[in-house]
Each structure stands twice: as structure tokens, then as C-alpha cells.
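Shown below: start.pdb, with PDB, C-alpha atoms and all ligand atoms.
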ATOM      1  CA  MET H 120     -16.515   5.294 -19.391
ATOM      2  CA  ASN H 121     -19.983   5.926 -17.877
ATOM      3  CA  ASP H 122     -20.241   8.699 -20.504
ATOM      4  CA  LEU H 123     -17.459  10.550 -18.726
ATOM      5  CA  ASP H 124     -14.283  11.719 -20.373
ATOM      6  CA  VAL H 125     -11.689  10.763 -17.733
ATOM      7  CA  THR H 126      -8.039  11.805 -17.601
ATOM      8  CA  MET H 127      -5.675  10.544 -14.920
ATOM      9  CA  VAL H 128      -2.591  12.686 -14.240
ATOM     10  CA  PHE H 129       0.419  11.667 -12.177
ATOM     11  CA  PRO H 130       4.052  12.767 -11.975
ATOM     12  CA  GLU H 131       5.753   9.370 -11.909
ATOM     13  CA  PRO H 132       6.779   7.270 -14.918
ATOM     14  CA  TRP H 133       4.111   4.679 -14.046
ATOM     15  CA  CYS H 134       1.209   4.382 -11.627
ATOM     16  CA  MET H 135       1.758   3.560  -7.950
ATOM     17  CA  PRO H 136       5.552   3.205  -8.208
ATOM     18  CA  ARG H 137       5.936   2.841  -4.437
ATOM     19  CA  LEU H 138       4.427  -0.631  -4.772
ATOM     20  CA  PHE H 139       3.975  -1.491  -8.440
ATOM     21  CA  THR H 140       6.834  -2.488 -10.688
ATOM     22  CA  ALA H 141       6.719  -1.125 -14.243
ATOM     23  CA  GLU H 142       5.325  -4.495 -15.399
ATOM     24  CA  ILE H 143       2.517  -4.563 -12.833
ATOM     25  CA  ALA H 144       1.671  -0.927 -13.568
ATOM     26  CA  ALA H 145       1.605  -1.617 -17.319
ATOM     27  CA  PHE H 146      -1.232  -4.097 -16.755
ATOM     28  CA  TYR H 147      -3.415  -1.677 -14.764
ATOM     29  CA  GLU H 148      -2.644   1.279 -17.029
ATOM     30  CA  SER H 149      -3.649  -0.734 -20.108
ATOM     31  CA  TYR H 150      -6.763  -1.941 -18.330
ATOM     32  CA  TYR H 151      -7.783   1.663 -17.578
ATOM     33  CA  THR H 152      -6.850   2.814 -21.079
ATOM     34  CA  ASN H 153      -8.989   0.033 -22.576
ATOM     35  CA  LYS H 154     -11.901   1.438 -20.548
ATOM     36  CA  GLY H 155     -11.364   4.815 -22.205
ATOM     37  CA  VAL H 156      -9.357   6.502 -19.442
ATOM     38  CA  LYS H 157      -6.588   8.785 -20.714
ATOM     39  CA  ILE H 158      -3.356   8.745 -18.714
ATOM     40  CA  LEU H 159      -0.929  11.669 -18.553
ATOM     41  CA  LYS H 160       2.391  10.932 -16.862
ATOM     42  CA  GLY H 161       5.287  13.091 -15.776
ATOM     43  CA  THR H 162       3.343  16.192 -14.800
ATOM     44  CA  VAL H 163       1.194  17.494 -11.946
ATOM     45  CA  ALA H 164      -1.801  19.753 -11.438
ATOM     46  CA  VAL H 165      -0.751  23.241 -10.358
ATOM     47  CA  GLY H 166      -4.092  25.057 -10.336
ATOM     48  CA  PHE H 167      -7.720  25.210 -11.395
ATOM     49  CA  ASP H 168      -9.901  27.544 -13.445
ATOM     50  CA  ALA H 169     -13.401  28.275 -12.190
ATOM     51  CA  ASP H 170     -16.519  29.969 -13.571
ATOM     52  CA  ALA H 171     -18.417  32.857 -11.950
ATOM     53  CA  ASN H 172     -20.173  30.400  -9.600
ATOM     54  CA  GLY H 173     -16.862  29.060  -8.367
ATOM     55  CA  ASP H 174     -17.377  25.729 -10.152
ATOM     56  CA  VAL H 175     -14.241  24.226 -11.607
ATOM     57  CA  THR H 176     -13.912  24.431 -15.392
ATOM     58  CA  ALA H 177     -10.322  23.313 -15.995
ATOM     59  CA  VAL H 178      -7.175  21.891 -14.434
ATOM     60  CA  LYS H 179      -3.874  23.630 -15.152
ATOM     61  CA  LEU H 180      -0.882  21.322 -15.442
ATOM     62  CA  LYS H 181       2.749  22.096 -14.744
ATOM     63  CA  ASP H 182       3.729  21.334 -18.337
ATOM     64  CA  GLY H 183       1.560  24.287 -19.399
ATOM     65  CA  SER H 184      -1.354  22.286 -20.752
ATOM     66  CA  VAL H 185      -4.924  22.818 -19.572
ATOM     67  CA  LEU H 186      -7.553  20.077 -19.219
ATOM     68  CA  ASP H 187     -11.217  21.024 -19.433
ATOM     69  CA  ALA H 188     -12.925  19.548 -16.381
ATOM     70  CA  ASP H 189     -16.176  19.735 -14.476
ATOM     71  CA  ILE H 190     -15.252  17.169 -11.810
ATOM     72  CA  VAL H 191     -11.804  16.927 -10.221
ATOM     73  CA  VAL H 192     -10.718  14.190  -7.830
ATOM     74  CA  VAL H 193      -7.501  15.148  -6.061
ATOM     75  CA  GLY H 194      -5.477  12.263  -4.649
ATOM     76  CA  VAL H 195      -2.075  13.631  -3.764
ATOM     77  CA  GLY H 196      -1.226  11.693  -0.609
ATOM     78  CA  GLY H 197      -1.103  12.833   2.980
ATOM     79  CA  ARG H 198       1.269  13.404   5.842
ATOM     80  CA  PRO H 199       0.695  12.613   9.510
ATOM     81  CA  LEU H 200      -0.394  15.664  11.457
ATOM     82  CA  THR H 201       2.167  15.696  14.267
ATOM     83  CA  ASN H 202       2.500  19.481  14.817
ATOM     84  CA  LEU H 203       0.422  19.343  17.959
ATOM     85  CA  PHE H 204       3.024  17.090  19.571
ATOM     86  CA  LYS H 205       6.203  18.792  18.305
ATOM     87  CA  GLY H 206       8.899  18.872  20.947
ATOM     88  CA  GLN H 207       6.802  16.832  23.356
ATOM     89  CA  VAL H 208       7.270  13.290  22.036
ATOM     90  CA  ALA H 209      10.108  11.719  20.064
ATOM     91  CA  GLU H 210       9.507  11.550  16.309
ATOM     92  CA  GLU H 211      10.916   9.218  13.676
ATOM     93  CA  LYS H 212      10.428   8.940   9.915
ATOM     94  CA  GLY H 213       7.706  11.588   9.891
ATOM     95  CA  GLY H 214       5.657   9.949  12.623
ATOM     96  CA  ILE H 215       5.521   9.648  16.397
ATOM     97  CA  LYS H 216       8.088   7.122  17.578
ATOM     98  CA  THR H 217       6.676   4.263  19.641
ATOM     99  CA  ASP H 218       7.829   0.974  21.070
ATOM    100  CA  ALA H 219       6.326  -2.407  20.180
ATOM    101  CA  PHE H 220       3.388  -1.604  22.471
ATOM    102  CA  PHE H 221       2.706   1.808  20.868
ATOM    103  CA  GLU H 222       3.876   3.707  23.919
ATOM    104  CA  THR H 223       5.629   6.945  22.931
ATOM    105  CA  SER H 224       8.754   8.463  24.487
ATOM    106  CA  VAL H 225       6.428   9.863  27.157
ATOM    107  CA  PRO H 226       5.421   7.034  29.512
ATOM    108  CA  GLY H 227       1.678   6.480  29.529
ATOM    109  CA  VAL H 228       1.155   8.293  26.191
ATOM    110  CA  TYR H 229       0.338   6.045  23.228
ATOM    111  CA  ALA H 230       0.212   6.683  19.465
ATOM    112  CA  VAL H 231      -1.501   4.247  17.081
ATOM    113  CA  GLY H 232      -2.454   4.022  13.417
ATOM    114  CA  ASP H 233      -1.032   6.099  10.574
ATOM    115  CA  VAL H 234       0.822   8.459  12.877
ATOM    116  CA  ALA H 235       2.914   5.854  14.719
ATOM    117  CA  THR H 236       6.451   4.894  13.671
ATOM    118  CA  PHE H 237       6.838   1.523  15.342
ATOM    119  CA  PRO H 238       9.327  -1.371  15.336
ATOM    120  CA  MET H 239       8.500  -3.616  12.376
ATOM    121  CA  LYS H 240       9.747  -6.777  14.022
ATOM    122  CA  ILE H 241       9.812  -8.962  10.913
ATOM    123  CA  TYR H 242      12.246  -6.585   9.151
ATOM    124  CA  ASN H 243      14.088  -5.317  12.236
ATOM    125  CA  ASP H 244      13.219  -1.813  11.103
ATOM    126  CA  GLU H 245      11.099   1.140  12.212
ATOM    127  CA  ARG H 246       8.199   2.012   9.926
ATOM    128  CA  ARG H 247       4.890   3.794   9.598
ATOM    129  CA  VAL H 248       1.999   1.966   7.961
ATOM    130  CA  GLU H 249      -1.035   3.703   6.482
ATOM    131  CA  HIS H 250      -3.642   0.997   6.450
ATOM    132  CA  VAL H 251      -6.885   0.456   8.296
ATOM    133  CA  ASP H 252      -5.828  -3.106   9.212
ATOM    134  CA  HIS H 253      -2.778  -1.789  11.065
ATOM    135  CA  SER H 254      -4.815   1.062  12.643
ATOM    136  CA  ARG H 255      -7.139  -1.463  14.226
ATOM    137  CA  LYS H 256      -4.403  -3.899  15.231
ATOM    138  CA  SER H 257      -2.136  -1.200  16.686
ATOM    139  CA  ALA H 258      -5.025   0.196  18.747
ATOM    140  CA  GLU H 259      -5.762  -3.337  19.980
ATOM    141  CA  GLN H 260      -2.092  -3.799  20.889
ATOM    142  CA  ALA H 261      -1.991  -0.501  22.819
ATOM    143  CA  VAL H 262      -5.107  -1.452  24.786
ATOM    144  CA  LYS H 263      -3.646  -4.902  25.516
ATOM    145  CA  ALA H 264      -0.416  -3.264  26.714
ATOM    146  CA  ILE H 265      -2.251  -0.810  28.969
ATOM    147  CA  LYS H 266      -4.432  -3.561  30.448
ATOM    148  CA  GLY H 267      -1.390  -5.843  30.740
ATOM    149  CA  LYS H 268       0.480  -3.193  32.702
ATOM    150  CA  GLU H 269      -2.475  -2.773  35.037
ATOM    151  CA  ALA H 270      -2.766  -6.528  35.553
ATOM    152  CA  GLY H 271       0.998  -7.079  35.723
ATOM    153  CA  SER H 272       0.854  -9.577  32.827
ATOM    154  CA  ALA H 273       3.221  -9.762  29.857
ATOM    155  CA  VAL H 274       2.092  -8.797  26.352
ATOM    156  CA  GLU H 275       3.819 -10.027  23.198
ATOM    157  CA  GLU H 276       5.583  -7.508  20.981
ATOM    158  CA  TYR H 277       3.649  -6.261  17.939
ATOM    159  CA  ASP H 278       4.627  -8.308  14.907
ATOM    160  CA  TYR H 279       2.913  -6.814  11.873
ATOM    161  CA  LEU H 280       3.143  -8.146   8.337
ATOM    162  CA  PRO H 281       2.670  -5.300   5.820
ATOM    163  CA  TYR H 282      -0.528  -5.815   3.833
ATOM    164  CA  PHE H 283      -2.213  -3.686   1.172
ATOM    165  CA  TYR H 284      -5.113  -4.282  -1.157
ATOM    166  CA  SER H 285      -7.229  -2.467  -3.675
ATOM    167  CA  ARG H 286     -10.142  -3.009  -6.008
ATOM    168  CA  SER H 287     -10.974  -1.265  -9.260
ATOM    169  CA  PHE H 288     -13.499  -2.202 -11.922
ATOM    170  CA  ASP H 289     -13.736  -5.995 -11.565
ATOM    171  CA  LEU H 290     -10.098  -6.293 -10.514
ATOM    172  CA  SER H 291      -8.830  -6.964  -7.033
ATOM    173  CA  TRP H 292      -5.270  -7.309  -5.760
ATOM    174  CA  GLN H 293      -3.516  -8.018  -2.506
ATOM    175  CA  PHE H 294       0.087  -7.547  -1.449
ATOM    176  CA  TYR H 295       1.902  -8.903   1.602
ATOM    177  CA  GLY H 296       5.429  -8.371   2.864
ATOM    178  CA  ASP H 297       8.190  -6.169   1.539
ATOM    179  CA  ASN H 298       8.616  -5.018  -2.070
ATOM    180  CA  VAL H 299      12.394  -4.921  -2.043
ATOM    181  CA  GLY H 300      14.979  -6.742  -4.149
ATOM    182  CA  ASP H 301      14.197  -8.330  -7.512
ATOM    183  CA  ALA H 302      10.593  -8.617  -8.667
ATOM    184  CA  ILE H 303       9.554 -11.712 -10.617
ATOM    185  CA  LEU H 304       6.271 -11.502 -12.488
ATOM    186  CA  PHE H 305       4.228 -14.662 -13.084
ATOM    187  CA  GLY H 306       0.885 -15.602 -14.613
ATOM    188  CA  ASP H 307      -1.313 -13.944 -17.214
ATOM    189  CA  ALA H 308      -0.820 -10.169 -17.060
ATOM    190  CA  ASP H 309      -2.511  -9.501 -20.392
ATOM    191  CA  PRO H 310      -5.094  -6.747 -19.784
ATOM    192  CA  GLY H 311      -7.045  -8.065 -22.770
ATOM    193  CA  SER H 312      -7.528 -11.517 -21.192
ATOM    194  CA  ALA H 313     -11.035 -12.517 -20.187
ATOM    195  CA  LYS H 314      -9.807 -13.330 -16.690
ATOM    196  CA  PRO H 315      -6.316 -11.959 -16.136
ATOM    197  CA  LYS H 316      -4.560 -13.479 -13.160
ATOM    198  CA  PHE H 317      -0.984 -12.733 -12.277
ATOM    199  CA  GLY H 318       1.346 -11.947  -9.446
ATOM    200  CA  SER H 319       4.834 -11.017  -8.460
ATOM    201  CA  TYR H 320       7.342 -12.247  -5.924
ATOM    202  CA  TRP H 321      10.068 -10.049  -4.482
ATOM    203  CA  VAL H 322      13.368 -11.784  -3.786
ATOM    204  CA  LYS H 323      16.059 -10.304  -1.558
ATOM    205  CA  ASP H 324      19.202 -12.019  -0.276
ATOM    206  CA  GLY H 325      17.931 -15.343  -1.626
ATOM    207  CA  LYS H 326      14.634 -15.114   0.263
ATOM    208  CA  CYS H 327      11.140 -14.489  -1.018
ATOM    209  CA  VAL H 328      10.115 -11.449   1.040
ATOM    210  CA  GLY H 329       6.991 -10.138  -0.667
ATOM    211  CA  ALA H 330       4.147 -11.283  -2.879
ATOM    212  CA  PHE H 331       1.474  -9.567  -4.953
ATOM    213  CA  LEU H 332      -1.545 -11.247  -6.504
ATOM    214  CA  GLU H 333      -4.233  -9.960  -8.858
ATOM    215  CA  GLY H 334      -7.452 -11.931  -8.984
ATOM    216  CA  GLY H 335      -6.609 -14.339  -6.155
ATOM    217  CA  SER H 336      -9.161 -16.418  -4.249
ATOM    218  CA  PRO H 337      -9.236 -16.078  -0.434
ATOM    219  CA  GLU H 338      -7.159 -19.286  -0.189
ATOM    220  CA  GLU H 339      -4.604 -18.010  -2.697
ATOM    221  CA  ASN H 340      -4.339 -14.667  -0.936
ATOM    222  CA  ALA H 341      -3.841 -16.531   2.338
ATOM    223  CA  ALA H 342      -1.053 -18.517   0.645
ATOM    224  CA  ILE H 343       0.866 -15.393  -0.428
ATOM    225  CA  ALA H 344       0.421 -13.941   3.079
ATOM    226  CA  LYS H 345       1.879 -17.126   4.535
ATOM    227  CA  LEU H 346       4.800 -16.953   2.121
ATOM    228  CA  ALA H 347       5.547 -13.312   2.995
ATOM    229  CA  ARG H 348       5.517 -14.188   6.684
ATOM    230  CA  ALA H 349       7.710 -17.292   6.249
ATOM    231  CA  GLN H 350      10.200 -15.641   3.824
ATOM    232  CA  PRO H 351      11.247 -19.004   2.352
ATOM    233  CA  PRO H 352      14.416 -19.479   0.297
ATOM    234  CA  ALA H 353      13.565 -18.429  -3.244
ATOM    235  CA  ALA H 354      13.862 -20.661  -6.282
ATOM    236  CA  SER H 355      15.646 -19.235  -9.339
ATOM    237  CA  PRO H 356      13.784 -16.449 -11.182
ATOM    238  CA  ASP H 357      12.922 -18.838 -14.031
ATOM    239  CA  GLU H 358      11.638 -21.474 -11.618
ATOM    240  CA  LEU H 359       9.592 -18.899  -9.692
ATOM    241  CA  LYS H 360       8.100 -17.588 -12.912
ATOM    242  CA  ALA H 361       7.207 -21.088 -14.055
ATOM    243  CA  ALA H 362       5.845 -22.208 -10.675
ATOM    244  CA  GLY H 363       3.775 -19.050 -10.183
ATOM    245  CA  LEU H 364       1.228 -19.439  -7.413
ATOM    246  CA  GLN H 365       2.246 -23.062  -6.880
ATOM    247  CA  PHE H 366       5.386 -21.787  -5.162
ATOM    248  CA  ALA H 367       3.332 -19.944  -2.521
ATOM    249  CA  SER H 368       0.762 -22.717  -2.200
ATOM    250  CA  LYS H 369       3.466 -25.214  -1.172
ATOM    251  CA  ILE H 370       4.670 -23.118   1.796
TER
HETATM  252  C1  LIG S 401      -8.463   8.465   0.148
HETATM  253  C2  LIG S 401      -8.013   7.374   1.094
HETATM  254  C3  LIG S 401      -8.303   6.059   0.779
HETATM  255  C4  LIG S 401      -7.893   5.032   1.631
HETATM  256  N1  LIG S 401      -8.212   3.748   1.299
HETATM  257  C5  LIG S 401      -7.877   2.755   2.111
HETATM  258  C6  LIG S 401      -8.240   1.411   1.809
HETATM  259  O1  LIG S 401      -8.880   1.133   0.794
HETATM  260  N2  LIG S 401      -7.859   0.443   2.665
HETATM  261  C7  LIG S 401      -7.167   0.734   3.799
HETATM  262  O2  LIG S 401      -6.863  -0.182   4.558
HETATM  263  N3  LIG S 401      -6.800   1.975   4.120
HETATM  264  C8  LIG S 401      -7.147   2.997   3.307
HETATM  265  N4  LIG S 401      -6.779   4.272   3.618
HETATM  266  C9  LIG S 401      -5.967   4.489   4.808
HETATM  267  C10 LIG S 401      -6.823   4.486   6.062
HETATM  268  O3  LIG S 401      -7.914   5.377   5.885
HETATM  269  C11 LIG S 401      -5.953   4.951   7.220
HETATM  270  O4  LIG S 401      -4.835   4.085   7.324
HETATM  271  C12 LIG S 401      -6.724   4.912   8.529
HETATM  272  O5  LIG S 401      -7.883   5.709   8.465
HETATM  273  C13 LIG S 401      -5.817   5.429   9.641
HETATM  274  O6  LIG S 401      -6.526   5.444  10.843
HETATM  275  P1  LIG S 401      -6.055   6.389  12.004
HETATM  276  O7  LIG S 401      -7.011   6.168  13.114
HETATM  277  O8  LIG S 401      -4.608   6.191  12.253
HETATM  278  O9  LIG S 401      -6.167   7.882  11.431
HETATM  279  P2  LIG S 401      -7.423   8.664  10.838
HETATM  280  O10 LIG S 401      -8.481   7.737  10.344
HETATM  281  O11 LIG S 401      -6.841   9.668   9.894
HETATM  282  O12 LIG S 401      -7.989   9.390  12.118
HETATM  283  C14 LIG S 401      -7.319  10.475  12.719
HETATM  284  C15 LIG S 401      -8.386  11.389  13.278
HETATM  285  O13 LIG S 401      -7.770  12.386  14.090
HETATM  286  C16 LIG S 401      -8.466  13.590  13.887
HETATM  287  N5  LIG S 401      -7.597  14.691  14.323
HETATM  288  C17 LIG S 401      -6.482  15.175  13.727
HETATM  289  N6  LIG S 401      -5.963  16.183  14.458
HETATM  290  C18 LIG S 401      -6.752  16.324  15.540
HETATM  291  C19 LIG S 401      -6.745  17.185  16.661
HETATM  292  N7  LIG S 401      -5.807  18.116  16.819
HETATM  293  N8  LIG S 401      -7.728  17.050  17.578
HETATM  294  C20 LIG S 401      -8.686  16.111  17.431
HETATM  295  N9  LIG S 401      -8.745  15.267  16.388
HETATM  296  C21 LIG S 401      -7.795  15.371  15.456
HETATM  297  C22 LIG S 401      -8.756  13.589  12.407
HETATM  298  O14 LIG S 401      -9.814  14.475  12.114
HETATM  299  C23 LIG S 401      -9.158  12.127  12.192
HETATM  300  O15 LIG S 401     -10.529  11.907  12.388
HETATM  301  C24 LIG S 401      -7.182   5.324   2.807
HETATM  302  C25 LIG S 401      -6.894   6.653   3.123
HETATM  303  C26 LIG S 401      -7.303   7.670   2.280
HETATM  304  C27 LIG S 401      -7.000   9.106   2.648
END
Give the structure from the file, written as C-alpha cells.
Amino acid sequence: MNDLDVTMVFPEPWCMPRLFTAEIAAFYESYYTNKGVKILKGTVAVGFDADANGDVTAVKLKDGSVLDADIVVVGVGGRPLTNLFKGQVAEEKGGIKTDAFFETSVPGVYAVGDVATFPMKIYNDERRVEHVDHSRKSAEQAVKAIKGKEAGSAVEEYDYLPYFYSRSFDLSWQFYGDNVGDAILFGDADPGSAKPKFGSYWVKDGKCVGAFLEGGSPEENAAIAKLARAQPPAASPDELKAAGLQFASKI
């Protein structure tokens, strides 16, 4: 690919397991493999070799193997940096605990974005979200709350719908809602297709609570967002599979 010999290494059994099911991951892994990318699963990088100039020459893996390399891209996740506030504000789930207005346990002190663990109203749960969309919206909510307090006017509670997206090569996917319960894949998930287009619904307690779509138009992505917000009663797995996007479009 681009005259580069690329190897992707990750410890899990398939890529992005926090969101992708094995079936969804199989599509993207095949797509990458078809582009010449090698994938190594079940191990992690534990060190690097460098030449006399300090330039990297190889990546050492935990399984003992060594990959020659002259460029390394490290994507190993991140954790909120809350040390500065330890013992001063309440924490929850690795973040700074806030209310629905992003005010912390210390009145007048607000936390927004990645670092905030806030009430996720739609799921009656407390969560952190690492996404630029939520960073902007949570900051907006905090400002509204501060101004509302000053003006003595009421502000509605934050009511965020989880949303993630990504693009790679000529692919583009969006996900809305919660990826819990049973996942039902629909559409054409053949990585060899000229225009693959597929999705997945997540069904929990008889309700459709999450939806993923690869290759959706803006209208179709809006339809899966609407579905995730509405959490309609789900049809049977076979019916959902057969209806595909039509199920979301009718909401
Ligand atoms: C590699 C990568 C790719 C991503 N891709 C996407 C994407 O495609 N789409 C998407 O929606 N989101 C993406 N994200 C997530 C997105 O970047 C974050 O959700 C967003 O930036 C969070 O905004 P924030 O303001 O909460 O925190 P940040 O943007 O992390 O800002 C926090 C700031 O605080 C500063 N800081 C920390 N400690 C101190 C201190 N003691 N004093 C002063 N300043 C301090 C930091 O330097 C930083 O500038 C990506 C993140 C990463 C790392």
C-alpha cells in the first residue's frame, strides 16, 4: 500500500472489540488485508530497537517476534488526566463526576469533555464519552448552566446520544446508541464488493438500542440516529436482517 509494508498489531481477537462485533471487524480486517496490510492479533509491542541516530529500526513484540520498521504509529488509548484534582473533586469511572450540567462535586467548578463522568440520561447510567461532538456539547451545556444560574432561568438536563464515526480508505461508518445485547448484521458486508454497504442493530430487552452503518448517506445516518434515540421495539432477528435499513427508515 503506497509502497509501504504495513503491519497492524493489536492484542484483541479482532479489531475495535469495544464497538465492533466479530462480524463487523471481519469486514474491515479483510478490507485492510486486501490492501496489503498485514494484521497480527493477540500480542502487543513491548519495545523498540533504534540505530545510532536514535531512529527506530524495529518493534519488539511480546510474543518474542521482531518486526523491522522505520515508521511506527502508536495508538494504545488514553486515560483522563485527573491527578491534578485528586482528593478535591468526586471521581467516578475514571473521570471527574458531574451532574447533568457538568458541575462537579465542588459548587461552581465544572468539568467537560473526555474527563467528565456525567449522567447519561437515555440509559439512566453514568458514563464518560471520548468524542469531539460531546466535548463541544458538554462545554455548551456548562456555559448554558452557568448563564442560567446567573439569570435565574432553568436549563434542561443534558441528554446525550452516544455517537461515533470513522473513515478509512473510501469507507465511512457511523454508530449511534448503545452496543449492548444481541447484534444483528444486515446488508452486504463482503469486503470484495464494489460498494459494500452494511450495518448492525443491537437489540436488548426487546428494544433496538443501537445501530451501526457503513457507507450510509446523510439521510440514512440520520435514520439510524433517530432509531437509537427512539429505541423502538425490535422485530425478530430474521425480520431485522431482512428489513435492513428499511427498519430504521420507517421510525
Ligand atoms: C488519536 C486520536 C484520534 C481521535 N479521533 C477522533 C475523531 O476522529 N473524532 C472524534 O470525535 N474524536 C476523536 N478523538 C477524541 C477527541 O480528540 C477528544 O474526545 C476531544 O479532543 C476531547 O476534548 P477535551 O476538550 O475534553 O480534551 P482535550 O482535547 O484532550 O483537551 C484537554 C487539554 O487540556 C490540556 N491539559 C491537560 N492537563 C493540563 C494542565 N494540568 N494544565 C493545563 N492544561 C492541561 C491538554 O494539554 C489538552 O490540550 C480522537 C482522539 C485521539 C487521541
Pairwise distance, CA of Ala164 (chain H) with CA of Cys134 (chain H), equals 15.7 Å
Exercise. Could you state which residues are captured by the PyMOL selection byres (((chain H and resi 333-340) around 8) and not hetatm) in this file, as an MDAnalysis selection string?
Key: chainID H and resid 290:293 315:318 331:332 341:344 364 368
**OP:** Using all atoms listed in the file, collect all residues at a distance of at most 8 Å from (-6.4, 3.0, -13.4) as written in the file, then present them as number ranges by chain.
**Re:** H: 127, 134, 147-148, 150-152, 156, 287
*Which chains and residue numbers are within 8 Å of ligand LIG 401 (chain S), counting only C-alpha atoms and all ligand atoms, if I want them as a ChimeraX atom specification?*
/H:194,196-197,200,203,231-235,248-255,283-285
Set up a box along x, y and z of the file covering all listed atoms of region 210-229 of chain H, add 4 Å on every one of the six sides, and write the centre and edge lengths in Å to one decimal, as AutoDock Vina command-line options.
--center_x 5.6 --center_y 4.6 --center_z 19.7 --size_x 18.6 --size_y 22.0 --size_z 27.6
Quiz item: How far is it from CA of Gly166 (chain H) to CA of Val178 (chain H), in Å with one decimal?
Solution: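 Here the two named atoms are 6.0 Å from each other.
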